[in-house]
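Novice: If it helps, the file is called start31.cif and holds mmCIF, C-alpha atoms:
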data_data
#
loop_
_atom_site.label_atom_id
_atom_site.label_comp_id
_atom_site.auth_asym_id
_atom_site.auth_seq_id
_atom_site.Cartn_x
_atom_site.Cartn_y
_atom_site.Cartn_z
CA MET A 1 -31.14 5.03 -5.00
CA LYS A 2 -28.77 5.81 -2.15
CA ILE A 3 -26.89 9.04 -1.60
CA ALA A 4 -24.21 9.99 0.95
CA ILE A 5 -24.09 13.41 2.63
CA SER A 6 -21.27 14.71 4.78
CA ALA A 7 -22.80 15.96 8.03
CA GLU A 8 -21.81 17.53 11.33
CA GLY A 9 -24.34 15.43 13.24
CA PRO A 10 -26.14 12.07 12.97
CA ASP A 11 -29.56 13.35 11.87
CA LEU A 12 -31.33 15.36 9.17
CA ASP A 13 -31.21 18.57 11.27
CA ALA A 14 -27.43 18.53 11.27
CA ARG A 15 -25.56 20.95 9.02
CA VAL A 16 -23.94 19.66 5.85
CA GLY A 17 -20.29 18.91 6.60
CA ASP A 18 -17.71 21.31 5.11
CA LYS A 19 -15.44 18.53 3.92
CA PHE A 20 -16.47 15.11 2.66
CA GLY A 21 -13.31 13.37 3.92
CA THR A 22 -13.28 14.74 7.46
CA SER A 23 -16.86 15.66 8.44
CA LYS A 24 -18.05 13.96 11.63
CA TYR A 25 -20.69 11.78 9.97
CA LEU A 26 -21.67 10.47 6.62
CA LEU A 27 -25.43 10.06 6.33
CA ILE A 28 -26.43 7.32 3.91
CA ILE A 29 -29.95 8.06 2.71
CA ASP A 30 -32.08 5.73 0.61
CA LEU A 31 -34.22 8.12 -1.43
CA ASP A 32 -36.74 5.38 -2.31
CA SER A 33 -37.42 4.00 1.16
CA GLY A 34 -36.45 7.11 3.13
CA ASP A 35 -34.14 5.05 5.37
CA THR A 36 -31.32 7.06 6.90
CA GLU A 37 -28.15 5.58 8.34
CA ALA A 38 -25.66 7.77 10.23
CA VAL A 39 -22.14 6.37 9.91
CA PRO A 40 -19.26 7.96 11.88
CA ASN A 41 -16.87 9.14 9.18
CA PRO A 42 -13.78 6.88 9.37
CA GLY A 43 -11.66 9.85 8.24
CA ALA A 44 -13.04 12.27 10.86
CA SER A 45 -9.71 12.30 12.75
CA GLY A 46 -8.24 14.11 9.76
CA GLN A 47 -5.18 11.90 9.44
CA ARG A 48 -3.55 11.14 6.10
CA GLY A 49 -5.79 9.16 3.78
CA ALA A 50 -8.97 10.43 5.49
CA GLY A 51 -10.63 11.21 2.16
CA MET A 52 -9.80 7.75 0.85
CA GLN A 53 -11.54 6.10 3.80
CA ALA A 54 -14.69 8.10 3.13
CA VAL A 55 -14.45 7.04 -0.54
CA VAL A 56 -14.23 3.37 0.50
CA LEU A 57 -17.28 3.84 2.71
CA ALA A 58 -19.27 5.45 -0.12
CA ILE A 59 -18.31 2.65 -2.54
CA SER A 60 -19.13 -0.07 -0.03
CA ARG A 61 -22.59 1.42 0.66
CA ASP A 62 -23.26 1.50 -3.09
CA VAL A 63 -24.26 5.17 -3.15
CA LYS A 64 -24.91 6.88 -6.48
CA ALA A 65 -24.21 10.45 -5.40
CA VAL A 66 -22.23 12.33 -2.76
CA LEU A 67 -23.50 15.69 -1.48
CA THR A 68 -21.04 17.81 0.46
CA GLY A 69 -19.57 21.23 1.17
CA TYR A 70 -16.20 20.51 -0.40
CA CYS A 71 -14.55 17.50 -1.98
CA SER A 72 -10.88 17.51 -3.05
CA PRO A 73 -10.09 16.85 -6.72
CA ALA A 74 -8.36 13.56 -5.83
CA VAL A 75 -11.32 12.26 -3.81
CA ARG A 76 -13.70 13.52 -6.48
CA SER A 77 -11.81 11.61 -9.19
CA HIS A 78 -11.82 8.39 -7.07
CA LEU A 79 -15.57 8.70 -6.60
CA ALA A 80 -16.13 9.51 -10.28
CA ALA A 81 -14.02 6.47 -11.26
CA SER A 82 -16.52 4.36 -9.29
CA GLY A 83 -19.48 5.97 -11.03
CA ILE A 84 -20.44 8.16 -8.06
CA GLU A 85 -21.62 11.67 -8.86
CA VAL A 86 -20.26 14.43 -6.62
CA LEU A 87 -22.16 17.58 -5.79
CA GLY A 88 -20.11 20.12 -3.85
CA GLY A 89 -20.52 23.67 -2.60
CA LEU A 90 -23.64 22.84 -0.58
CA THR A 91 -24.68 24.50 2.68
CA GLY A 92 -27.68 24.32 5.03
CA THR A 93 -29.11 21.38 6.93
CA VAL A 94 -28.98 17.84 5.63
CA GLY A 95 -32.79 17.74 5.49
CA GLU A 96 -32.99 20.89 3.33
CA VAL A 97 -30.29 19.70 0.93
CA VAL A 98 -31.86 16.26 0.56
CA GLU A 99 -35.23 17.82 -0.12
CA SER A 100 -33.72 20.09 -2.79
CA TYR A 101 -31.94 17.13 -4.33
CA ARG A 102 -35.15 15.08 -4.29
CA LYS A 103 -37.13 17.89 -5.95
CA GLY A 104 -34.47 18.31 -8.59
CA ASP A 105 -33.64 21.88 -7.51
CA LEU A 106 -29.99 20.95 -7.55
CA ARG A 107 -30.20 19.74 -11.14
CA GLU A 108 -28.77 22.96 -12.57
CA HIS A 109 -26.03 22.84 -10.01
CA ILE A 110 -25.25 19.24 -10.99
CA LYS A 111 -25.28 20.15 -14.68
CA ALA A 112 -22.81 22.98 -14.11
CA GLU A 113 -20.56 20.69 -12.11
CA ILE A 114 -20.64 17.94 -14.72
CA GLU A 115 -19.89 20.42 -17.52
CA SER A 116 -16.99 21.87 -15.60
CA GLU A 117 -15.66 18.36 -14.89
CA SER A 118 -15.93 17.12 -18.47
CA GLY A 119 -14.31 20.34 -19.71
CA LYS A 120 -11.28 19.67 -17.61
CA GLY A 121 -10.48 16.28 -19.20
CA ARG A 122 -8.29 13.57 -17.74
CA PHE A 123 -5.09 15.55 -17.57
CA ASP A 124 -6.35 18.67 -15.84
CA ARG A 125 -3.96 20.67 -13.72
CA ASP A 126 -5.64 19.81 -10.42
CA ALA A 127 -5.22 16.09 -11.02
CA LEU A 128 -1.55 16.51 -11.94
CA VAL A 129 -0.85 18.71 -8.92
CA GLN A 130 -2.64 16.16 -6.74
CA ALA A 131 -0.60 13.30 -8.26
CA LEU A 132 2.59 15.26 -7.69
CA ARG A 133 1.57 15.90 -4.09
CA SER A 134 0.66 12.24 -3.50
CA SER A 135 3.95 11.09 -5.00
CA GLY A 136 5.80 13.64 -2.87
CA ASN A 137 4.03 12.34 0.25
CA GLN A 138 4.75 8.69 -0.59
CA PHE A 139 8.35 9.54 -1.39
CA SER A 140 8.92 11.63 1.72
CA ALA A 141 7.38 8.83 3.79
CA LEU A 142 9.90 6.29 2.54
CA LEU A 143 12.98 8.56 2.58
CA PRO A 144 13.66 8.79 6.37
CA VAL A 145 13.68 5.01 6.81
CA LEU A 146 15.67 4.50 3.60
CA ILE A 147 18.28 7.01 4.77
CA GLY A 148 18.36 5.21 8.14
CA VAL A 149 18.93 1.90 6.34
CA VAL A 150 21.71 3.37 4.19
CA LEU A 151 23.42 4.85 7.28
CA LEU A 152 23.08 1.51 9.08
CA ILE A 153 24.66 -0.29 6.12
CA GLY A 154 27.62 2.10 6.46
CA LEU A 155 27.99 1.14 10.12
CA PHE A 156 27.56 -2.52 9.23
CA ASN A 157 30.25 -2.33 6.53
CA VAL A 158 32.76 -0.86 8.95
CA LEU A 159 31.97 -2.68 12.17
CA ILE A 160 30.75 -6.15 11.19
CA SER A 161 33.21 -8.54 9.63
CA LYS A 162 32.35 -10.99 6.87
CA ASP A 163 33.04 -13.80 9.35
CA VAL A 164 29.99 -12.84 11.39
CA LEU A 165 27.70 -13.14 8.38
CA ALA A 166 29.47 -16.32 7.28
CA SER A 167 28.63 -17.86 10.65
CA ILE A 168 24.91 -17.33 9.89
CA PHE A 169 24.94 -17.86 6.13
CA SER A 170 27.21 -20.91 6.01
CA GLY A 171 26.82 -21.70 2.31
CA ASN A 172 24.24 -24.44 2.89
CA LEU A 173 21.61 -23.72 0.21
CA ALA A 174 18.54 -24.86 2.16
CA LEU A 175 19.62 -23.37 5.48
CA ASP A 176 20.73 -20.05 3.96
CA THR A 177 17.44 -19.69 2.09
CA LEU A 178 15.56 -20.44 5.31
CA TRP A 179 17.57 -17.80 7.20
CA GLY A 180 16.92 -15.26 4.42
CA ALA A 181 13.18 -15.97 4.62
CA CYS A 182 13.24 -15.63 8.43
CA PHE A 183 15.00 -12.25 8.35
CA GLY A 184 12.68 -10.95 5.61
CA SER A 185 9.64 -12.03 7.63
CA ILE A 186 10.73 -10.21 10.77
CA LEU A 187 11.87 -6.97 9.11
CA ALA A 188 9.38 -4.60 7.54
CA GLY A 189 9.18 -1.30 5.70
CA ASN A 190 9.39 -0.05 2.15
CA PRO A 191 10.65 -2.80 -0.20
CA ILE A 192 13.39 -0.43 -1.47
CA SER A 193 15.12 -1.04 1.84
CA SER A 194 15.03 -4.79 1.24
CA TYR A 195 16.62 -4.34 -2.21
CA VAL A 196 19.37 -2.14 -0.80
CA ILE A 197 20.06 -4.54 2.10
CA GLY A 198 19.84 -7.55 -0.27
CA GLY A 199 22.33 -5.93 -2.65
CA GLU A 200 24.76 -5.32 0.21
CA LEU A 201 24.34 -8.89 1.48
CA LEU A 202 25.33 -10.11 -2.01
CA ASN A 203 28.47 -7.97 -1.77
CA TYR A 204 29.22 -9.76 1.47
CA GLY A 205 29.08 -13.08 -0.32
CA VAL A 206 25.65 -14.17 0.94
CA SER A 207 24.01 -16.41 -1.67
CA LEU A 208 21.35 -15.12 -4.07
CA PHE A 209 19.05 -17.90 -2.76
CA ALA A 210 19.05 -16.33 0.71
CA VAL A 211 18.74 -12.78 -0.64
CA THR A 212 15.79 -13.74 -2.87
CA ALA A 213 13.95 -15.39 0.02
CA PHE A 214 14.73 -12.28 2.07
CA ILE A 215 13.25 -9.75 -0.40
CA LEU A 216 10.28 -12.01 -1.14
CA THR A 217 9.23 -12.51 2.49
CA TRP A 218 9.89 -8.82 3.26
CA VAL A 219 6.72 -7.98 1.30
CA THR A 220 4.65 -11.17 1.35
CA VAL A 221 5.05 -12.19 5.02
CA GLY A 222 5.71 -9.23 7.36
CA LEU A 223 5.09 -10.40 10.94
CA VAL A 224 4.97 -6.74 12.01
CA GLN A 225 1.76 -6.07 10.09
CA LEU A 226 0.16 -9.40 11.07
CA PRO A 227 -1.95 -7.80 13.88
CA ALA A 228 -3.35 -5.24 11.41
CA GLU A 229 -4.14 -8.00 8.90
CA ILE A 230 -5.88 -10.03 11.63
CA VAL A 231 -8.08 -7.01 12.46
CA ALA A 232 -8.93 -6.40 8.80
CA LEU A 233 -9.35 -9.94 7.46
CA GLY A 234 -9.64 -12.24 10.47
CA SER A 235 -7.09 -14.34 12.34
CA LYS A 236 -7.64 -17.53 10.33
CA PHE A 237 -7.09 -15.77 7.00
CA ALA A 238 -4.08 -13.76 8.22
CA VAL A 239 -2.29 -16.68 9.93
CA PHE A 240 -2.88 -19.17 7.10
CA ARG A 241 -1.82 -16.64 4.49
CA THR A 242 1.32 -15.67 6.37
CA ALA A 243 2.34 -19.31 6.89
CA LEU A 244 1.67 -20.18 3.24
CA CYS A 245 3.66 -17.19 2.00
CA PHE A 246 6.61 -18.11 4.19
CA VAL A 247 6.68 -21.74 3.03
CA LEU A 248 6.18 -20.77 -0.62
CA SER A 249 9.01 -18.21 -0.53
CA LEU A 250 11.55 -21.05 -0.22
CA PRO A 251 10.79 -22.93 -3.48
CA ILE A 252 10.19 -19.63 -5.34
CA ALA A 253 13.59 -18.30 -4.22
CA ILE A 254 15.37 -21.52 -5.20
CA LEU A 255 13.55 -21.77 -8.54
CA THR A 256 14.25 -18.10 -9.35
CA VAL A 257 18.00 -18.47 -8.85
CA VAL A 258 18.13 -21.80 -10.71
CA VAL A 259 16.32 -20.28 -13.73
CA VAL A 260 18.45 -17.10 -13.59
CA ASN A 261 21.59 -19.27 -13.63
CA LEU A 262 20.26 -21.31 -16.54
CA VAL A 263 19.35 -18.19 -18.53
CA SER A 264 22.63 -16.40 -17.89
CA ARG A 265 24.77 -19.38 -18.93
CA MET B 266 -11.58 -3.15 17.08
CA ASN B 267 -13.24 -1.54 14.10
CA SER B 268 -11.80 0.72 11.45
CA GLU B 269 -13.00 3.82 13.27
CA GLY B 270 -11.38 2.63 16.47
CA SER B 271 -7.99 2.45 14.82
CA GLN B 272 -8.07 6.07 13.74
CA LYS B 273 -7.11 7.64 17.02
CA HIS B 274 -3.67 8.78 15.91
CA LYS B 275 -3.37 12.36 14.78
CA GLY B 276 -1.09 13.35 11.90
CA ALA B 277 2.01 14.07 14.02
CA GLU B 278 2.32 10.58 15.53
CA PRO B 279 3.07 8.63 12.35
CA ILE B 280 5.75 11.22 11.50
CA ILE B 281 7.39 10.74 14.89
CA ARG B 282 7.19 6.94 14.50
CA MET B 283 8.74 7.26 11.04
CA LEU B 284 11.68 9.22 12.43
CA ILE B 285 12.46 6.88 15.36
CA PHE B 286 14.53 4.47 13.27
CA PRO B 287 16.71 7.02 11.40
CA ALA B 288 17.11 9.04 14.62
CA SER B 289 18.33 5.90 16.44
CA VAL B 290 20.91 5.32 13.69
CA VAL B 291 22.07 8.95 14.00
CA VAL B 292 22.50 8.38 17.76
CA LEU B 293 24.61 5.28 17.00
CA TYR B 294 26.77 7.45 14.73
CA GLY B 295 27.10 10.03 17.52
CA ILE B 296 28.36 7.33 19.89
CA LEU B 297 30.77 5.97 17.27
CA PHE B 298 32.10 9.48 16.52
CA ALA B 299 32.82 9.91 20.23
CA ILE B 300 34.73 6.65 20.65
CA MET B 301 36.09 5.80 17.18
CA PRO B 302 35.91 8.90 14.94
CA ASP B 303 37.93 7.31 12.13
CA LYS B 304 35.54 4.34 11.92
CA ALA B 305 32.51 6.66 12.04
CA PHE B 306 33.94 8.67 9.15
CA LEU B 307 34.53 5.48 7.13
CA ALA B 308 30.96 4.34 7.87
CA LEU B 309 29.59 7.68 6.70
CA LYS B 310 31.68 7.48 3.53
CA SER B 311 30.44 3.95 2.89
CA SER B 312 26.82 5.09 3.35
CA GLY B 313 27.45 7.98 0.97
CA ASN B 314 28.60 5.53 -1.70
CA VAL B 315 25.46 3.40 -1.25
CA LEU B 316 23.28 6.52 -1.44
CA LEU B 317 25.02 7.74 -4.61
CA SER B 318 24.40 4.41 -6.29
CA ILE B 319 20.65 4.61 -5.69
CA VAL B 320 19.99 8.30 -6.41
CA GLY B 321 19.41 7.77 -10.15
CA PRO B 322 17.00 4.83 -9.76
CA LEU B 323 15.25 6.72 -6.90
CA LEU B 324 14.47 9.66 -9.20
CA LEU B 325 13.03 7.22 -11.71
CA VAL B 326 10.94 5.70 -8.89
CA PHE B 327 9.47 9.14 -8.19
CA VAL B 328 8.48 9.61 -11.84
CA VAL B 329 6.85 6.15 -12.05
CA MET B 330 5.03 6.78 -8.74
CA MET B 331 3.59 9.97 -10.18
CA ILE B 332 2.40 8.23 -13.36
CA PHE B 333 0.69 5.62 -11.18
CA ASN B 334 -0.94 8.30 -9.03
CA VAL B 335 -2.40 9.92 -12.16
CA PHE B 336 -3.78 6.75 -13.71
CA VAL B 337 -4.46 4.22 -10.94
CA LYS B 338 -7.52 4.90 -8.80
CA PRO B 339 -8.33 2.77 -5.74
CA GLY B 340 -11.97 2.72 -6.81
CA GLN B 341 -11.02 0.84 -10.00
CA ILE B 342 -8.88 -1.58 -8.01
CA ALA B 343 -11.82 -2.28 -5.71
CA LYS B 344 -13.83 -3.30 -8.77
CA PHE B 345 -10.99 -5.61 -9.90
CA LEU B 346 -11.11 -7.40 -6.54
CA GLY B 347 -14.83 -7.87 -6.62
CA ALA B 348 -14.71 -10.08 -9.74
CA GLY B 349 -14.98 -13.39 -7.88
CA SER B 350 -12.75 -16.48 -7.55
CA GLY B 351 -12.89 -17.72 -11.14
CA ALA B 352 -10.00 -17.41 -13.61
CA LYS B 353 -11.10 -13.86 -14.51
CA GLY B 354 -11.28 -12.87 -10.85
CA ILE B 355 -7.83 -14.27 -10.12
CA ILE B 356 -6.27 -12.46 -13.11
CA LEU B 357 -7.93 -9.17 -12.12
CA SER B 358 -6.89 -9.61 -8.46
CA ALA B 359 -3.29 -10.28 -9.53
CA THR B 360 -3.38 -7.16 -11.74
CA ALA B 361 -4.82 -5.12 -8.87
CA GLY B 362 -2.03 -6.32 -6.55
CA ILE B 363 0.67 -5.46 -9.07
CA ILE B 364 -0.61 -1.95 -9.83
CA SER B 365 -1.61 -1.05 -6.25
CA VAL B 366 0.70 1.45 -4.59
CA GLY B 367 1.21 2.77 -1.06
CA PRO B 368 1.77 0.97 2.25
CA ILE B 369 -0.35 -2.09 3.04
CA TYR B 370 -1.89 -0.34 6.07
CA ALA B 371 -3.70 2.06 3.75
CA TRP B 372 -5.28 -0.91 1.97
CA TYR B 373 -6.60 -2.84 4.98
CA PRO B 374 -9.78 -0.73 5.43
CA LEU B 375 -10.61 -1.20 1.73
CA LEU B 376 -9.94 -4.96 1.90
CA LYS B 377 -12.09 -5.21 5.02
CA GLU B 378 -14.97 -3.49 3.25
CA LEU B 379 -14.57 -5.73 0.20
CA ARG B 380 -14.54 -8.79 2.43
CA GLN B 381 -17.78 -7.65 4.03
CA LYS B 382 -19.23 -7.18 0.57
CA GLY B 383 -18.44 -10.81 -0.22
CA ALA B 384 -14.98 -10.77 -1.84
CA GLY B 385 -13.54 -14.30 -1.56
CA ASN B 386 -10.40 -15.42 0.27
CA SER B 387 -8.65 -16.50 -2.95
CA PRO B 388 -8.77 -13.10 -4.72
CA LEU B 389 -7.75 -11.31 -1.53
CA ALA B 390 -4.77 -13.66 -1.03
CA VAL B 391 -3.79 -13.30 -4.70
CA PHE B 392 -4.00 -9.51 -4.38
CA LEU B 393 -1.84 -9.41 -1.25
CA TYR B 394 0.81 -11.74 -2.71
CA ASN B 395 1.13 -9.74 -5.91
CA ARG B 396 1.88 -6.63 -3.90
CA ALA B 397 5.39 -8.15 -3.80
CA ILE B 398 5.74 -6.91 -7.38
CA LYS B 399 6.35 -3.18 -7.12
CA LEU B 400 6.33 -1.70 -10.60
CA PRO B 401 7.36 1.80 -9.44
CA LEU B 402 10.34 0.30 -7.58
CA LEU B 403 11.60 -1.79 -10.50
CA PRO B 404 14.36 0.73 -11.40
CA ILE B 405 15.99 0.16 -8.00
CA MET B 406 15.57 -3.61 -8.17
CA VAL B 407 17.01 -3.79 -11.69
CA ALA B 408 19.95 -1.59 -10.62
CA TYR B 409 20.81 -4.14 -7.93
CA PHE B 410 19.91 -7.48 -9.47
CA GLY B 411 19.55 -7.04 -13.27
CA TRP B 412 16.63 -7.41 -15.67
CA ALA B 413 16.70 -11.19 -16.03
CA TYR B 414 16.47 -11.75 -12.30
CA VAL B 415 13.66 -9.20 -11.83
CA LEU B 416 11.67 -10.66 -14.71
CA ILE B 417 12.00 -14.28 -13.56
CA LEU B 418 11.24 -13.44 -9.93
CA SER B 419 8.16 -11.42 -10.99
CA VAL B 420 6.78 -14.25 -13.15
CA LEU B 421 7.34 -16.78 -10.37
CA THR B 422 5.74 -14.40 -7.86
CA VAL B 423 2.57 -14.23 -9.97
CA LEU B 424 2.52 -18.06 -10.23
CA GLY B 425 3.15 -18.28 -6.47
CA SER B 426 0.25 -15.91 -5.85
CA ILE B 427 -2.10 -18.18 -7.80
CA ALA B 428 -0.89 -21.17 -5.75
CA THR B 429 -1.47 -19.19 -2.55
CA GLY B 430 -4.92 -18.11 -3.69
CA TYR B 431 -5.89 -21.69 -4.55
CA ALA B 432 -4.54 -23.04 -1.25
CA MET B 433 -6.35 -20.32 0.73
CA GLY B 434 -9.58 -21.15 -1.09
CA VAL B 435 -9.21 -24.82 -0.18
CA LEU B 436 -8.03 -24.24 3.40
CA LEU B 437 -10.78 -21.75 4.21
CA LYS B 438 -13.42 -23.51 2.09
CA ASP B 439 -13.91 -20.51 -0.14
CA GLY B 440 -16.97 -21.48 -2.11
CA ARG B 441 -19.02 -18.33 -1.80
CA ASP B 442 -18.28 -16.87 -5.20
CA ARG B 443 -16.58 -19.71 -7.02
CA GLY B 444 -17.13 -19.57 -10.73
CA ALA B 445 -18.28 -15.93 -10.66
#
Would you write out, as structure tokens, the structure that this file holds?

Specialist:
Amino acid sequence: MKIAISAEGPDLDARVGDKFGTSKYLLIIDLDSGDTEAVPNPGASGQRGAGMQAVVLAISRDVKAVLTGYCSPAVRSHLAASGIEVLGGLTGTVGEVVESYRKGDLREHIKAEIESESGKGRFDRDALVQALRSSGNQFSALLPVLIGVVLLIGLFNVLISKDVLASIFSGNLALDTLWGACFGSILAGNPISSYVIGGELLNYGVSLFAVTAFILTWVTVGLVQLPAEIVALGSKFAVFRTALCFVLSLPIAILTVVVVNLVSR
Amino acid sequence: MNSEGSQKHKGAEPIIRMLIFPASVVVLYGILFAIMPDKAFLALKSSGNVLLSIVGPLLLVFVVMMIFNVFVKPGQIAKFLGAGSGAKGIILSATAGIISVGPIYAWYPLLKELRQKGAGNSPLAVFLYNRAIKLPLLPIMVAYFGWAYVLILSVLTVLGSIATGYAMGVLLKDGRDRGA
């Protein structure tokens, strides 16, 4: 059985880390074999989502328990959802805590924690506050760019004439759809922006074929995030997937509009 | 570069990056106010109208986001993606893509880990394609394009994701977990 312990250093003499998400190291200890692996905590920089990265690490190493100083309710619920037991409020060196855990001295502590967790239920206040906070963060992250897009649309409405757009979107179904897909692939950001821009393009008389290809490639293609996808999943995967998504957006856009027209007749 | 190597940015930097675009637009407005104040005023009024039309759906988006944050846990989604490349795996990956929230950058470390644990190319491609369906953002999409359009596009997106997953499996010879 493997356990993960937040630690301030890479060995058993290090002190247990105060916070699971941002401690310097996570020590993965196999209690059966005694093997210890010191992994630099991917969330140690303390940036947003730090706790989530430590959760991913714990899940990927298949640990059954997390021992730490403090673990936020959100991180705790993510770990619990993956069947990982969390034991917080621990101090001392990693070696001491592991020994106590091995001997079962922490059993009462675990029992108290489990009882307190099960007493809270799914809708406890902490979880709701955390959800509200997460939603607030996600929302505040998308608002500045959305407001920028809305302001830009205002400028566009006043300064750009319909003739300019008509010179790009000429009314040729295939070509317009292709242009829509190209613009959607280059631009990036929250999809709300693509809906708002797409809606305004419709007002300008741009075809629904082009707008559909635009909003589809905005999310599925995204050349801006291609480097990040290459790093995460490899260049072959990222390039093939991007190319496929671009090509596929054209028939999906055309089919969508054709079916919509059929249905609304 | 590994996942640790990409974590050099402290909290303030993403905020600054996030503000560059709106700040640039504000600068453009400043320039327009200086040379053509009447046009700048019209542009602002036009933006105000667009903003008013999306305020209602935006509030609904916030509520749906919160419901998702209460019920959807990334740990569960990770399990969905680990179900292999068979029909069950593809359905679970599509579901995971549809219910996943947050920017794609937040998901890359998790996908990388899953890949290292043996998740196939097909489920990963299906997951990524289905992220085009944003359940929390549906109120905005419906406000602009109507229910029929949103429904048809969503169904075709799911079918498109399966086609992409299959093609990726063939192109990258994804046989590691076929039939799992």

Novice: Taking the file above as input, evaluate the PyMOL selection byres ((chain A and resi 187) around 8) and report the hits as a list of chain:residue names.

Specialist: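 The output of the PyMOL selection byres ((chain A and resi 187) around 8) on this file is A:Phe183, A:Gly184, A:Ser185, A:Ile186, A:Ala188, A:Gly189, A:Trp218, A:Gly222, A:Leu223, A:Val224.
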
Novice: Which residues are near Thr429 of chain B? Cut-off 8 Å, only C-alpha atoms, ignore same chain within fewer than 3 positions. Put them as JSON, numbers by chain.

Specialist: {"A": [241, 244, 245], "B": [387, 390, 391, 394, 425, 426, 432, 433]}

Novice: For Gly205 of chain A, work out the shell of residues within 12 Å, counting all atoms listed in the file and skipping chain neighbours fewer than 4 positions away, then give it as an MDAnalysis selection string.

Specialist: chainID A and resid 161:171 176 198:201 209:211

Novice: Neighbours of Thr220 of chain A within 9 Å (all atoms listed in the file; same-chain residues fewer than 6 positions away dropped), as a ChimeraX atom specification?

Specialist: /A:185,242,245-246,249 /B:393-397

Novice: Which distance in Å separates atom CA of Ile342 of chain B and atom CA of Ala361 of chain B, to one decimal?

Specialist: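 Computing the Euclidean distance for atom CA of Ile342 of chain B and atom CA of Ala361 of chain B yields 5.5 Å.
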
Novice: In Å to one decimal, how far is atom CA of Tyr409 of chain B from atom CA of Ser194 of chain A?

Specialist: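 Between atom CA of Ser194 of chain A and atom CA of Tyr409 of chain B the gap works out to 10.9 Å.
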
Novice: With distances taken over only C-alpha atoms, which of B:Phe336, B:Phe306, B:Phe327, B:Tyr294 is nearest to Leu403 of chain B?

Specialist: B:Phe327

Novice: Between atom CA of Arg61 of chain A and atom CA of Asp35 of chain A, what is the spacing in Å?

Specialist: 13.0 Å

Novice: Would you please work out which residue, of B:Ser318, B:Thr360, B:Ser311, B:Ser365, is nearest to chain A when using all atoms listed in the file?

Specialist: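 Among the listed residues, the smallest separation from chain A belongs to B:Ser311.
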
Novice: Using only C-alpha atoms, which residues sit within 9 Å of Ser235 of chain A once same-chain residues fewer than 6 positions away are excluded, as a PyMOL selection string?

Specialist: chain A and resi 226-227+229

Novice: Which of these, B:Leu418, B:Ala352, B:Ile281, B:Leu346, has the shortest distance to chain A once you count all atoms listed in the file?

Specialist: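 Ranked by minimum distance to chain A, first place goes to B:Leu418.
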
Novice: Which is closer to chain A than all the others in B:Ile300, B:Met331, B:Ala384, B:Val435, using only C-alpha atoms?

Specialist: B:Met331

Novice: Residues near Gly92 of chain A, anyone? I mean within 8 Å using all atoms listed in the file, not counting same-chain ones fewer than 5 positions away, as an mmCIF file with C-alpha atoms, in the frame of the given file.

Specialist:
data_model
loop_
_atom_site.group_PDB
_atom_site.id
_atom_site.type_symbol
_atom_site.label_atom_id
_atom_site.label_comp_id
_atom_site.auth_asym_id
_atom_site.auth_seq_id
_atom_site.Cartn_x
_atom_site.Cartn_y
_atom_site.Cartn_z
ATOM 1 C CA ARG A 15 -25.560 20.950 9.020
ATOM 2 C CA VAL A 16 -23.940 19.660 5.850
ATOM 3 C CA VAL A 97 -30.290 19.700 0.930
#

Novice: Please write the residues picked by the PyMOL selection byres ((chain B and resi 399) around 10) on this file as a list in words.

Specialist: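 Residues picked by the PyMOL selection byres ((chain B and resi 399) around 10): Pro191, Ile192 and Val219 of chain A; Gly362, Ile363, Ile364, Ser365, Val366, Gly367, Asn395, Arg396, Ala397, Ile398, Leu400, Pro401, Leu402, Leu403, Pro404, Met406 and Ser419 of chain B.
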
Novice: Kindly list the centre and edge lengths in Å, rounded to one decimal, for the axis-aligned box that covers all listed atoms of segment 68-76 of chain A plus 6 Å on each of its six sides, as JSON.

Specialist:
{"center_x": -14.7, "center_y": 16.7, "center_z": -2.8, "size_x": 24.7, "size_y": 21.0, "size_z": 19.9}
